[in-house]
>>> print(open('query_17.cif').read())   # mmCIF, C-alpha atoms
data_run
#
loop_
_atom_site.group_PDB
_atom_site.id
_atom_site.type_symbol
_atom_site.label_atom_id
_atom_site.label_comp_id
_atom_site.auth_asym_id
_atom_site.auth_seq_id
_atom_site.Cartn_x
_atom_site.Cartn_y
_atom_site.Cartn_z
ATOM 1 C CA MET A 1 1.499 5.992 -4.781
ATOM 2 C CA LYS A 2 -1.608 7.960 -5.673
ATOM 3 C CA GLN A 3 -3.052 7.248 -2.224
ATOM 4 C CA PHE A 4 0.131 8.533 -0.547
ATOM 5 C CA PHE A 5 0.207 11.683 -2.685
ATOM 6 C CA LEU A 6 -3.446 12.397 -1.974
ATOM 7 C CA SER A 7 -2.935 12.047 1.781
ATOM 8 C CA ASN A 8 -0.044 14.501 1.720
ATOM 9 C CA LEU A 9 -2.044 16.948 -0.372
ATOM 10 C CA ILE A 10 -4.839 16.855 2.203
ATOM 11 C CA ILE A 11 -2.321 17.452 5.007
ATOM 12 C CA LEU A 12 -1.022 20.557 3.210
ATOM 13 C CA ALA A 13 -4.555 21.767 2.635
ATOM 14 C CA LEU A 14 -5.587 21.245 6.251
ATOM 15 C CA LEU A 15 -2.520 23.070 7.528
ATOM 16 C CA SER A 16 -3.197 25.847 5.058
ATOM 17 C CA LEU A 17 -6.794 26.131 6.269
ATOM 18 C CA SER A 18 -5.652 26.366 9.876
ATOM 19 C CA VAL A 19 -3.569 29.416 8.989
ATOM 20 C CA ASN A 20 -5.506 31.149 6.242
ATOM 21 C CA SER A 21 -9.217 30.430 6.556
ATOM 22 C CA PHE A 22 -10.255 32.558 9.520
ATOM 23 C CA GLY A 23 -10.922 35.621 7.412
ATOM 24 C CA GLN A 24 -12.765 33.539 4.849
ATOM 25 C CA ASN A 25 -15.818 31.310 4.823
ATOM 26 C CA CYS A 26 -15.591 28.301 7.109
ATOM 27 C CA GLU A 27 -16.256 24.909 5.551
ATOM 28 C CA LYS A 28 -17.657 21.549 6.578
ATOM 29 C CA PHE A 29 -15.736 18.694 5.009
ATOM 30 C CA VAL A 30 -18.328 16.006 5.677
ATOM 31 C CA ASN A 31 -21.255 15.664 3.291
ATOM 32 C CA TYR A 32 -23.992 14.849 5.792
ATOM 33 C CA GLN A 33 -26.511 13.748 3.196
ATOM 34 C CA ASN A 34 -24.575 10.544 2.533
ATOM 35 C CA LYS A 35 -22.071 10.620 5.433
ATOM 36 C CA THR A 36 -18.980 10.988 3.290
ATOM 37 C CA ILE A 37 -15.927 13.210 3.520
ATOM 38 C CA ASP A 38 -15.110 15.016 0.329
ATOM 39 C CA THR A 39 -11.351 15.298 -0.177
ATOM 40 C CA LYS A 40 -11.997 17.515 -3.168
ATOM 41 C CA GLY A 41 -13.572 20.024 -0.811
ATOM 42 C CA ILE A 42 -10.546 19.933 1.465
ATOM 43 C CA ASN A 43 -7.863 20.463 -1.147
ATOM 44 C CA LEU A 44 -9.462 23.484 -2.795
ATOM 45 C CA ARG A 45 -6.835 25.705 -1.150
ATOM 46 C CA VAL A 46 -3.175 24.877 -0.619
ATOM 47 C CA PHE A 47 -1.141 27.597 1.088
ATOM 48 C CA GLY A 48 -3.948 30.028 0.457
ATOM 49 C CA GLN A 49 -4.031 29.436 -3.310
ATOM 50 C CA PRO A 50 -6.924 27.769 -5.174
ATOM 51 C CA VAL A 51 -5.965 24.349 -6.500
ATOM 52 C CA GLY A 52 -8.165 22.374 -8.859
ATOM 53 C CA VAL A 53 -8.233 18.637 -8.309
ATOM 54 C CA GLY A 54 -7.702 18.061 -12.016
ATOM 55 C CA ALA A 55 -4.511 20.116 -11.916
ATOM 56 C CA THR A 56 -3.022 17.689 -9.400
ATOM 57 C CA ASN A 57 -3.902 14.610 -11.479
ATOM 58 C CA VAL A 58 -5.618 13.134 -8.440
ATOM 59 C CA SER A 59 -9.217 12.050 -8.655
ATOM 60 C CA PRO A 60 -11.541 13.214 -5.874
ATOM 61 C CA VAL A 61 -12.143 10.491 -3.330
ATOM 62 C CA MET A 62 -15.282 10.015 -1.268
ATOM 63 C CA ARG A 63 -14.814 8.087 1.974
ATOM 64 C CA GLU A 64 -17.345 6.939 4.514
ATOM 65 C CA ALA A 65 -17.309 9.331 7.449
ATOM 66 C CA SER A 66 -17.392 7.779 10.920
ATOM 67 C CA ASP A 67 -19.408 9.280 13.761
ATOM 68 C CA LYS A 68 -16.194 10.578 15.333
ATOM 69 C CA LEU A 69 -15.130 12.234 12.090
ATOM 70 C CA GLN A 70 -18.499 13.933 11.730
ATOM 71 C CA LYS A 71 -18.351 15.290 15.292
ATOM 72 C CA LEU A 72 -14.806 16.568 14.774
ATOM 73 C CA ASP A 73 -16.009 18.245 11.600
ATOM 74 C CA LEU A 74 -18.788 20.068 13.462
ATOM 75 C CA LEU A 75 -16.331 21.175 16.161
ATOM 76 C CA GLN A 76 -13.763 22.516 13.680
ATOM 77 C CA TYR A 77 -16.488 24.368 11.779
ATOM 78 C CA ASN A 78 -17.885 26.015 14.914
ATOM 79 C CA ILE A 79 -14.408 26.941 16.171
ATOM 80 C CA CYS A 80 -13.656 28.500 12.790
ATOM 81 C CA GLU A 81 -16.869 30.537 12.993
ATOM 82 C CA GLN A 82 -16.120 31.540 16.601
ATOM 83 C CA LEU A 83 -12.655 32.796 15.651
ATOM 84 C CA LYS A 84 -14.221 35.561 13.594
ATOM 85 C CA ASN A 85 -15.587 37.150 16.783
ATOM 86 C CA ILE A 86 -12.637 36.655 19.138
ATOM 87 C CA LYS A 87 -10.916 39.906 20.122
ATOM 88 C CA THR A 88 -8.189 38.918 22.596
ATOM 89 C CA ASP A 89 -4.871 37.526 21.359
ATOM 90 C CA PHE A 90 -4.673 34.840 24.051
ATOM 91 C CA MET A 91 -8.070 33.358 23.173
ATOM 92 C CA ARG A 92 -7.454 33.644 19.435
ATOM 93 C CA GLU A 93 -4.160 31.760 19.696
ATOM 94 C CA LYS A 94 -5.741 29.095 21.889
ATOM 95 C CA LEU A 95 -8.664 28.554 19.527
ATOM 96 C CA GLN A 96 -6.326 28.486 16.540
ATOM 97 C CA ALA A 97 -4.293 25.749 18.239
ATOM 98 C CA GLN A 98 -7.461 23.771 18.983
ATOM 99 C CA TYR A 99 -8.682 24.269 15.422
ATOM 100 C CA THR A 100 -5.427 23.028 13.894
ATOM 101 C CA ASN A 101 -5.292 20.020 16.238
ATOM 102 C CA LEU A 102 -8.849 19.046 15.349
ATOM 103 C CA LEU A 103 -8.003 19.210 11.654
ATOM 104 C CA MET A 104 -4.982 16.997 12.247
ATOM 105 C CA GLN A 105 -7.159 14.504 14.144
ATOM 106 C CA MET A 106 -9.470 14.411 11.134
ATOM 107 C CA MET A 107 -6.478 13.860 8.886
ATOM 108 C CA GLN A 108 -5.276 11.004 11.089
ATOM 109 C CA LEU A 109 -8.663 9.307 10.851
ATOM 110 C CA LEU A 110 -8.512 9.590 7.061
ATOM 111 C CA LYS A 111 -4.993 8.160 6.978
ATOM 112 C CA GLU A 112 -6.016 5.229 9.169
ATOM 113 C CA ASP A 113 -8.943 4.568 6.863
ATOM 114 C CA ALA A 114 -6.671 4.746 3.797
ATOM 115 C CA GLY A 115 -4.171 2.397 5.428
ATOM 116 C CA GLN A 116 -6.906 -0.121 6.193
ATOM 117 C CA THR A 117 -8.115 0.092 2.587
ATOM 118 C CA ASP A 118 -4.614 -0.521 1.221
ATOM 119 C CA GLN A 119 -4.205 -3.528 3.522
ATOM 120 C CA ASN A 120 -7.492 -5.060 2.394
ATOM 121 C CA ASP A 121 -6.523 -4.593 -1.267
ATOM 122 C CA SER A 122 -3.272 -6.555 -0.814
ATOM 123 C CA ASP A 123 -4.359 -10.185 -1.240
ATOM 124 C CA VAL A 124 -0.960 -11.598 -2.268
ATOM 125 C CA THR A 125 2.266 -11.114 -0.328
ATOM 126 C CA ASN A 126 5.554 -10.887 -2.218
ATOM 127 C CA PRO A 127 8.310 -12.810 -0.334
ATOM 128 C CA GLU A 128 11.052 -10.608 -1.793
ATOM 129 C CA SER A 129 9.280 -7.444 -0.676
ATOM 130 C CA GLU A 130 8.834 -8.974 2.789
ATOM 131 C CA LYS A 131 12.586 -9.564 3.026
ATOM 132 C CA ALA A 132 13.290 -6.022 1.946
ATOM 133 C CA LYS A 133 10.793 -4.729 4.478
ATOM 134 C CA LYS A 134 12.474 -6.672 7.282
ATOM 135 C CA ALA A 135 15.831 -5.267 6.235
ATOM 136 C CA ASP A 136 14.405 -1.753 6.245
ATOM 137 C CA ASP A 137 12.933 -2.320 9.691
ATOM 138 C CA THR A 138 16.364 -2.746 11.277
ATOM 139 C CA PRO A 139 16.485 -0.156 14.066
ATOM 140 C CA ALA A 140 18.960 2.666 13.565
ATOM 141 C CA PRO A 141 21.507 3.322 16.331
ATOM 142 C CA ASN A 142 20.604 6.052 18.787
ATOM 143 C CA PRO A 143 22.323 9.351 17.877
ATOM 144 C CA VAL A 144 24.999 10.598 20.232
ATOM 145 C CA PRO A 145 23.760 13.783 21.948
ATOM 146 C CA LYS A 146 25.618 16.953 21.060
ATOM 147 C CA PRO A 147 26.380 19.637 23.648
ATOM 148 C CA ASP A 148 23.835 21.973 22.039
ATOM 149 C CA ASP A 149 21.108 19.323 22.422
ATOM 150 C CA PHE A 150 21.029 20.002 26.144
ATOM 151 C CA ASN A 151 20.088 23.659 25.600
ATOM 152 C CA MET A 152 16.457 22.763 24.990
ATOM 153 C CA ASP A 153 13.268 24.593 25.842
ATOM 154 C CA VAL A 154 11.515 23.564 29.023
ATOM 155 C CA ASP A 155 7.813 23.350 29.753
ATOM 156 C CA ILE A 156 6.312 26.437 31.342
ATOM 157 C CA THR A 157 3.274 26.209 33.579
ATOM 158 C CA PHE A 158 1.165 29.201 34.495
ATOM 159 C CA PRO A 159 -0.528 29.795 37.837
ATOM 160 C CA CYS A 160 -4.136 28.534 37.836
ATOM 161 C CA GLU A 161 -3.572 26.649 34.555
ATOM 162 C CA ASP A 162 -4.350 23.360 36.320
ATOM 163 C CA PHE A 163 -7.901 24.681 36.700
ATOM 164 C CA SER A 164 -8.392 25.161 32.949
ATOM 165 C CA ILE A 165 -9.672 21.600 32.404
ATOM 166 C CA SER A 166 -13.302 21.101 33.408
ATOM 167 C CA PRO A 167 -14.005 18.290 35.887
ATOM 168 C CA ALA A 168 -17.334 16.483 35.940
ATOM 169 C CA GLY A 169 -20.294 18.736 36.618
ATOM 170 C CA VAL A 170 -18.691 22.101 35.796
ATOM 171 C CA ILE A 171 -17.459 24.083 32.790
ATOM 172 C CA ARG A 172 -14.326 26.192 33.185
ATOM 173 C CA GLY A 173 -12.571 29.061 31.474
ATOM 174 C CA PHE A 174 -8.994 30.273 31.920
ATOM 175 C CA GLY A 175 -7.486 33.683 31.174
ATOM 176 C CA MET A 176 -4.190 35.506 31.534
ATOM 177 C CA GLU A 177 -3.106 39.086 30.771
ATOM 178 C CA THR A 178 -0.271 41.472 31.601
ATOM 179 C CA SER A 179 -0.215 45.213 32.323
ATOM 180 C CA MET A 180 1.779 47.866 34.122
ATOM 181 C CA ASP A 181 -1.278 48.221 36.377
ATOM 182 C CA ALA A 182 -2.254 45.235 38.567
ATOM 183 C CA GLN A 183 -5.968 46.032 38.534
ATOM 184 C CA ILE A 184 -6.041 46.349 34.750
ATOM 185 C CA ALA A 185 -4.235 43.010 34.428
ATOM 186 C CA ARG A 186 -6.792 41.330 36.697
ATOM 187 C CA ARG A 187 -9.783 42.800 34.878
ATOM 188 C CA ALA A 188 -8.339 41.858 31.491
ATOM 189 C CA ALA A 189 -7.582 38.290 32.619
ATOM 190 C CA ARG A 190 -11.147 37.930 33.888
ATOM 191 C CA THR A 191 -12.464 39.166 30.530
ATOM 192 C CA VAL A 192 -10.382 36.571 28.696
ATOM 193 C CA ALA A 193 -11.569 33.812 31.053
ATOM 194 C CA LEU A 194 -15.200 34.815 30.471
ATOM 195 C CA GLU A 195 -14.591 34.867 26.731
ATOM 196 C CA GLU A 196 -13.173 31.363 26.850
ATOM 197 C CA LEU A 197 -16.011 30.093 29.035
ATOM 198 C CA ALA A 198 -18.614 31.536 26.679
ATOM 199 C CA SER A 199 -16.803 30.228 23.578
ATOM 200 C CA LYS A 200 -16.421 26.746 25.037
ATOM 201 C CA ILE A 201 -20.123 26.521 25.875
ATOM 202 C CA GLU A 202 -21.236 28.061 22.576
ATOM 203 C CA ILE A 203 -19.010 25.900 20.346
ATOM 204 C CA THR A 204 -19.962 22.685 22.118
ATOM 205 C CA VAL A 205 -23.698 23.407 22.305
ATOM 206 C CA LYS A 206 -23.823 24.315 18.607
ATOM 207 C CA SER A 207 -21.939 21.156 17.667
ATOM 208 C CA THR A 208 -24.115 18.968 19.910
ATOM 209 C CA THR A 209 -27.356 20.458 18.601
ATOM 210 C CA SER A 210 -26.238 20.288 14.961
ATOM 211 C CA ASP A 211 -25.172 16.671 15.386
ATOM 212 C CA TYR A 212 -28.549 15.651 16.791
ATOM 213 C CA PHE A 213 -30.402 17.596 14.124
ATOM 214 C CA LEU A 214 -28.405 15.938 11.345
ATOM 215 C CA ARG A 215 -29.012 12.478 12.759
ATOM 216 C CA THR A 216 -32.760 12.922 13.160
ATOM 217 C CA GLN A 217 -33.693 15.329 10.366
ATOM 218 C CA HIS A 218 -31.087 14.363 7.721
ATOM 219 C CA GLY A 219 -30.326 17.923 6.740
ATOM 220 C CA LEU A 220 -29.014 21.157 8.208
ATOM 221 C CA THR A 221 -30.046 24.230 6.267
ATOM 222 C CA GLU A 222 -28.519 27.670 6.660
ATOM 223 C CA GLU A 223 -31.787 28.851 8.224
ATOM 224 C CA ILE A 224 -31.649 26.117 10.896
ATOM 225 C CA GLU A 225 -27.995 26.883 11.603
ATOM 226 C CA LYS A 226 -28.831 30.546 12.167
ATOM 227 C CA ARG A 227 -31.664 29.621 14.516
ATOM 228 C CA ILE A 228 -29.366 27.344 16.518
ATOM 229 C CA GLU A 229 -26.709 30.063 16.603
ATOM 230 C CA GLY A 230 -29.102 32.830 17.624
ATOM 231 C CA ARG A 231 -30.761 30.923 20.461
ATOM 232 C CA THR A 232 -27.418 29.611 21.724
ATOM 233 C CA GLU A 233 -25.658 32.995 21.751
ATOM 234 C CA THR A 234 -28.535 34.704 23.553
ATOM 235 C CA SER A 235 -28.657 32.024 26.242
ATOM 236 C CA VAL A 236 -24.872 31.825 26.731
ATOM 237 C CA ASN A 237 -24.614 35.562 27.356
ATOM 238 C CA GLN A 238 -27.165 35.195 30.132
ATOM 239 C CA VAL A 239 -25.953 32.020 31.855
ATOM 240 C CA ILE A 240 -22.264 32.903 32.157
ATOM 241 C CA ARG A 241 -23.191 35.641 34.616
ATOM 242 C CA GLY A 242 -23.488 32.898 37.217
ATOM 243 C CA TYR A 243 -19.767 32.065 37.130
ATOM 244 C CA LYS A 244 -17.475 31.974 40.154
ATOM 245 C CA SER A 245 -13.691 32.250 40.485
ATOM 246 C CA VAL A 246 -11.835 29.074 41.464
ATOM 247 C CA CYS A 247 -8.263 30.363 41.191
ATOM 248 C CA GLU A 248 -6.682 33.801 40.881
ATOM 249 C CA ARG A 249 -3.000 34.753 41.012
ATOM 250 C CA THR A 250 -1.129 37.959 40.186
ATOM 251 C CA THR A 251 2.653 38.177 39.808
ATOM 252 C CA GLN A 252 5.089 41.002 39.045
ATOM 253 C CA ASN A 253 8.241 40.862 36.951
ATOM 254 C CA LYS A 254 10.981 42.617 38.919
ATOM 255 C CA GLN A 255 12.801 43.700 35.754
ATOM 256 C CA THR A 256 9.917 45.013 33.639
ATOM 257 C CA LEU A 257 7.666 45.842 36.633
ATOM 258 C CA ARG A 258 4.738 44.462 34.631
ATOM 259 C CA TYR A 259 1.980 42.556 36.414
ATOM 260 C CA SER A 260 0.692 39.223 35.106
ATOM 261 C CA SER A 261 -2.720 38.066 36.238
ATOM 262 C CA TYR A 262 -4.100 34.530 35.900
ATOM 263 C CA ILE A 263 -7.672 33.527 36.623
ATOM 264 C CA ALA A 264 -9.793 30.406 36.289
ATOM 265 C CA ILE A 265 -13.573 30.591 36.516
ATOM 266 C CA GLU A 266 -16.300 27.976 36.389
ATOM 267 C CA ILE A 267 -20.035 27.534 36.172
ATOM 268 C CA ASN A 268 -22.187 24.620 37.236
ATOM 269 C CA GLU A 269 -22.989 22.488 34.201
ATOM 270 C CA ASP A 270 -26.707 22.186 34.886
ATOM 271 C CA ASP A 271 -26.985 25.915 35.599
ATOM 272 C CA ALA A 272 -25.419 26.625 32.196
ATOM 273 C CA LEU A 273 -26.954 23.938 29.993
ATOM 274 C CA LYS A 274 -30.541 23.741 31.262
ATOM 275 C CA PRO A 275 -31.478 27.352 30.329
ATOM 276 C CA ILE A 276 -29.793 26.926 26.943
ATOM 277 C CA TYR A 277 -31.586 23.621 26.327
ATOM 278 C CA ASP A 278 -34.917 25.155 27.355
ATOM 279 C CA GLU A 279 -34.350 28.009 24.911
ATOM 280 C CA LEU A 280 -33.445 25.637 22.071
ATOM 281 C CA ILE A 281 -36.551 23.456 22.453
ATOM 282 C CA LYS A 282 -38.787 26.509 22.167
ATOM 283 C CA ASP A 283 -38.111 26.106 18.447
ATOM 284 C CA PRO A 284 -40.493 23.373 17.182
ATOM 285 C CA ASP A 285 -37.985 21.980 14.667
ATOM 286 C CA LEU A 286 -35.213 21.774 17.238
ATOM 287 C CA ARG A 287 -37.549 20.277 19.841
ATOM 288 C CA ARG A 288 -38.337 17.391 17.460
ATOM 289 C CA ALA A 289 -34.619 16.791 16.837
ATOM 290 C CA LEU A 290 -33.199 17.067 20.353
ATOM 291 C CA PRO A 291 -33.239 14.246 22.928
ATOM 292 C CA THR A 292 -33.980 14.522 26.634
ATOM 293 C CA PHE A 293 -31.876 16.949 28.634
ATOM 294 C CA VAL A 294 -29.938 14.094 30.269
ATOM 295 C CA ASN A 295 -28.905 12.674 26.877
ATOM 296 C CA PHE A 296 -28.153 16.154 25.570
ATOM 297 C CA LYS A 297 -25.846 16.780 28.532
ATOM 298 C CA THR A 298 -24.082 13.443 27.977
ATOM 299 C CA ALA A 299 -23.412 14.287 24.328
ATOM 300 C CA PHE A 300 -22.262 17.774 25.336
ATOM 301 C CA ASN A 301 -19.722 16.289 27.759
ATOM 302 C CA GLU A 302 -18.288 13.975 25.099
ATOM 303 C CA LEU A 303 -17.680 16.881 22.735
ATOM 304 C CA LYS A 304 -16.383 19.076 25.566
ATOM 305 C CA LYS A 305 -13.712 16.464 26.363
ATOM 306 C CA THR A 306 -12.701 16.344 22.719
ATOM 307 C CA LEU A 307 -12.483 20.123 22.575
ATOM 308 C CA GLU A 308 -10.435 20.464 25.769
ATOM 309 C CA SER A 309 -8.104 17.579 24.889
ATOM 310 C CA SER A 310 -7.297 19.220 21.533
ATOM 311 C CA PHE A 311 -5.215 21.892 23.285
#
>>> encode(input="query_17.cif", output="structure tokens")
Amino acid sequence: MKQFFLSNLIILALLSLSVNSFGQNCEKFVNYQNKTIDTKGINLRVFGQPVGVGATNVSPVMREASDKLQKLDLLQYNICEQLKNIKTDFMREKLQAQYTNLLMQMMQLLKEDAGQTDQNDSDVTNPESEKAKKADDTPAPNPVPKPDDFNMDVDITFPCEDFSISPAGVIRGFGMETSMDAQIARRAARTVALEELASKIEITVKSTTSDYFLRTQHGLTEEIEKRIEGRTETSVNQVIRGYKSVCERTTQNKQTLRYSSYIAIEINEDDALKPIYDELIKDPDLRRALPTFVNFKTAFNELKKTLESSF
């Protein structure tokens, strides 16, 4: 019962963080010194209010953090930090959705771990409880659809949206904006696409570099984080100038007369990552922590897939 209550408390806290934390300090949930996830750190705020663990009568629990959980933690932290600088509504909403989904993935990993622990602790099976469980598992009849059930929302696809996912060898950004002026809509959509491209590269590079540093140096100080951030931001602003458009569409609503512009842009992966990598290894501490460029690019791609699949 305590395990179940704790899991639900963490869910509430994670959902609360996804809504309320962007104006506050971002947090890492994994303690990288001993590779544990601190549930006490997660449930400090529930619906924006401070909650002491003692007040909930639940003891703090330290769990072993898997490699996947640690990488998700770095991604959510860097997205949270990036959200503080995002100006356009479209990009902010997209990053918020990615942030929330990453938190829920972390929660799912914790729940799976808790479920495995509960199963290992159950050495003796109660026959009566097994009978009751089988009775409870009887499938319920399918509900009869009501007329209103057919008035459901339908999926909406935007022009160029199919180009928002990055294939092998490239990194892509997607943007959309509306305006009464077609040219303004196009320029604004391109700005959003560039913002997404830069954010995607910056978030993933920071997470990749931090992950390698933690694994090789066993510590990530605030000074090192700032050095990673500074070198990454400077390089990203330079490399994204080499982008090219891969899809561009503009439509007009006949009722409102407003124009909607959609654009997808991309940059060659090597053209983007190599200058950033070269800038990072100018720092002696980072050079000792980072692998070869080929391995760095492989790790970058793994995190990029996780980031893109979270939306």
>>> resolve_selection(input="query_17.cif", expression="the PyMOL selection byres ((chain A and resi 267) around 8)", output="PyMOL selection string")
chain A and resi 170-172+240+242-244+265-266+268-269+271-272
>>> resolve_selection(input="query_17.cif", expression="the PyMOL selection byres ((chain A and resi 287-290) around 7)", output="VMD selection string")
chain A and resid 209 212 to 213 216 to 217 281 to 286 291 to 292
>>> closest_residue(input="query_17.cif", among="A:Met104, A:Ala188, A:Ile276, A:Ala182", to="Leu72 (chain A)", atoms="only C-alpha atoms")
A:Met104
>>> residues_around(input="query_17.cif", residues="region 225-229 of chain A", least_positions_apart="6", cutoff="8 Å", atoms="only C-alpha atoms", output="list in words")
Lys206, Thr209, Ser210 and Leu280 of chain A
>>> resolve_selection(input="query_17.cif", expression="the PyMOL selection byres ((chain A and resi 69) around 12)", output="number ranges by chain")
A: 28-32, 35-37, 63-68, 70-76, 102-110, 112-113, 211, 303, 306
>>> write_last_selection(input="query_17.cif", atoms="C-alpha atoms", output="mmCIF file, in the coordinates of the input")
data_model
loop_
_atom_site.group_PDB
_atom_site.id
_atom_site.type_symbol
_atom_site.label_atom_id
_atom_site.label_comp_id
_atom_site.auth_asym_id
_atom_site.auth_seq_id
_atom_site.Cartn_x
_atom_site.Cartn_y
_atom_site.Cartn_z
ATOM 1 C CA LYS A 28 -17.657 21.549 6.578
ATOM 2 C CA PHE A 29 -15.736 18.694 5.009
ATOM 3 C CA VAL A 30 -18.328 16.006 5.677
ATOM 4 C CA ASN A 31 -21.255 15.664 3.291
ATOM 5 C CA TYR A 32 -23.992 14.849 5.792
ATOM 6 C CA LYS A 35 -22.071 10.620 5.433
ATOM 7 C CA THR A 36 -18.980 10.988 3.290
ATOM 8 C CA ILE A 37 -15.927 13.210 3.520
ATOM 9 C CA ARG A 63 -14.814 8.087 1.974
ATOM 10 C CA GLU A 64 -17.345 6.939 4.514
ATOM 11 C CA ALA A 65 -17.309 9.331 7.449
ATOM 12 C CA SER A 66 -17.392 7.779 10.920
ATOM 13 C CA ASP A 67 -19.408 9.280 13.761
ATOM 14 C CA LYS A 68 -16.194 10.578 15.333
ATOM 15 C CA GLN A 70 -18.499 13.933 11.730
ATOM 16 C CA LYS A 71 -18.351 15.290 15.292
ATOM 17 C CA LEU A 72 -14.806 16.568 14.774
ATOM 18 C CA ASP A 73 -16.009 18.245 11.600
ATOM 19 C CA LEU A 74 -18.788 20.068 13.462
ATOM 20 C CA LEU A 75 -16.331 21.175 16.161
ATOM 21 C CA GLN A 76 -13.763 22.516 13.680
ATOM 22 C CA LEU A 102 -8.849 19.046 15.349
ATOM 23 C CA LEU A 103 -8.003 19.210 11.654
ATOM 24 C CA MET A 104 -4.982 16.997 12.247
ATOM 25 C CA GLN A 105 -7.159 14.504 14.144
ATOM 26 C CA MET A 106 -9.470 14.411 11.134
ATOM 27 C CA MET A 107 -6.478 13.860 8.886
ATOM 28 C CA GLN A 108 -5.276 11.004 11.089
ATOM 29 C CA LEU A 109 -8.663 9.307 10.851
ATOM 30 C CA LEU A 110 -8.512 9.590 7.061
ATOM 31 C CA GLU A 112 -6.016 5.229 9.169
ATOM 32 C CA ASP A 113 -8.943 4.568 6.863
ATOM 33 C CA ASP A 211 -25.172 16.671 15.386
ATOM 34 C CA LEU A 303 -17.680 16.881 22.735
ATOM 35 C CA THR A 306 -12.701 16.344 22.719
#
>>> residues_near_point(input="query_17.cif", point="(-2.7, 35.2, 27.7)", cutoff="8 Å", atoms="all atoms listed in the file", output="VMD selection string")
chain A and resid 89 to 91 175 to 178 189 192
>>> atom_distance(input="query_17.cif", atom1="CA of Lys111 (chain A)", atom2="CA of Ser207 (chain A)")
23.9 Å
>>> residues_around(input="query_17.cif", residues="region 258-260 of chain A", least_positions_apart="3", cutoff="10 Å", atoms="all atoms listed in the file", output="MDAnalysis selection string")
chainID A and resid 159 176:186 189 249:255
>>> atom_distance(input="query_17.cif", atom1="CA of Phe163 (chain A)", atom2="CA of Phe300 (chain A)")
19.6 Å
>>> atom_distance(input="query_17.cif", atom1="CA of Thr204 (chain A)", atom2="CA of Leu273 (chain A)")
10.6 Å
>>> closest_residue(input="query_17.cif", among="A:Arg215, A:Glu302, A:Tyr262, A:Glu93", to="Thr157 (chain A)", atoms="all atoms listed in the file")
A:Tyr262
>>> closest_residue(input="query_17.cif", among="A:Asp278, A:Asp162, A:Glu195, A:Glu81", to="Gln96 (chain A)", atoms="only C-alpha atoms")
A:Glu81
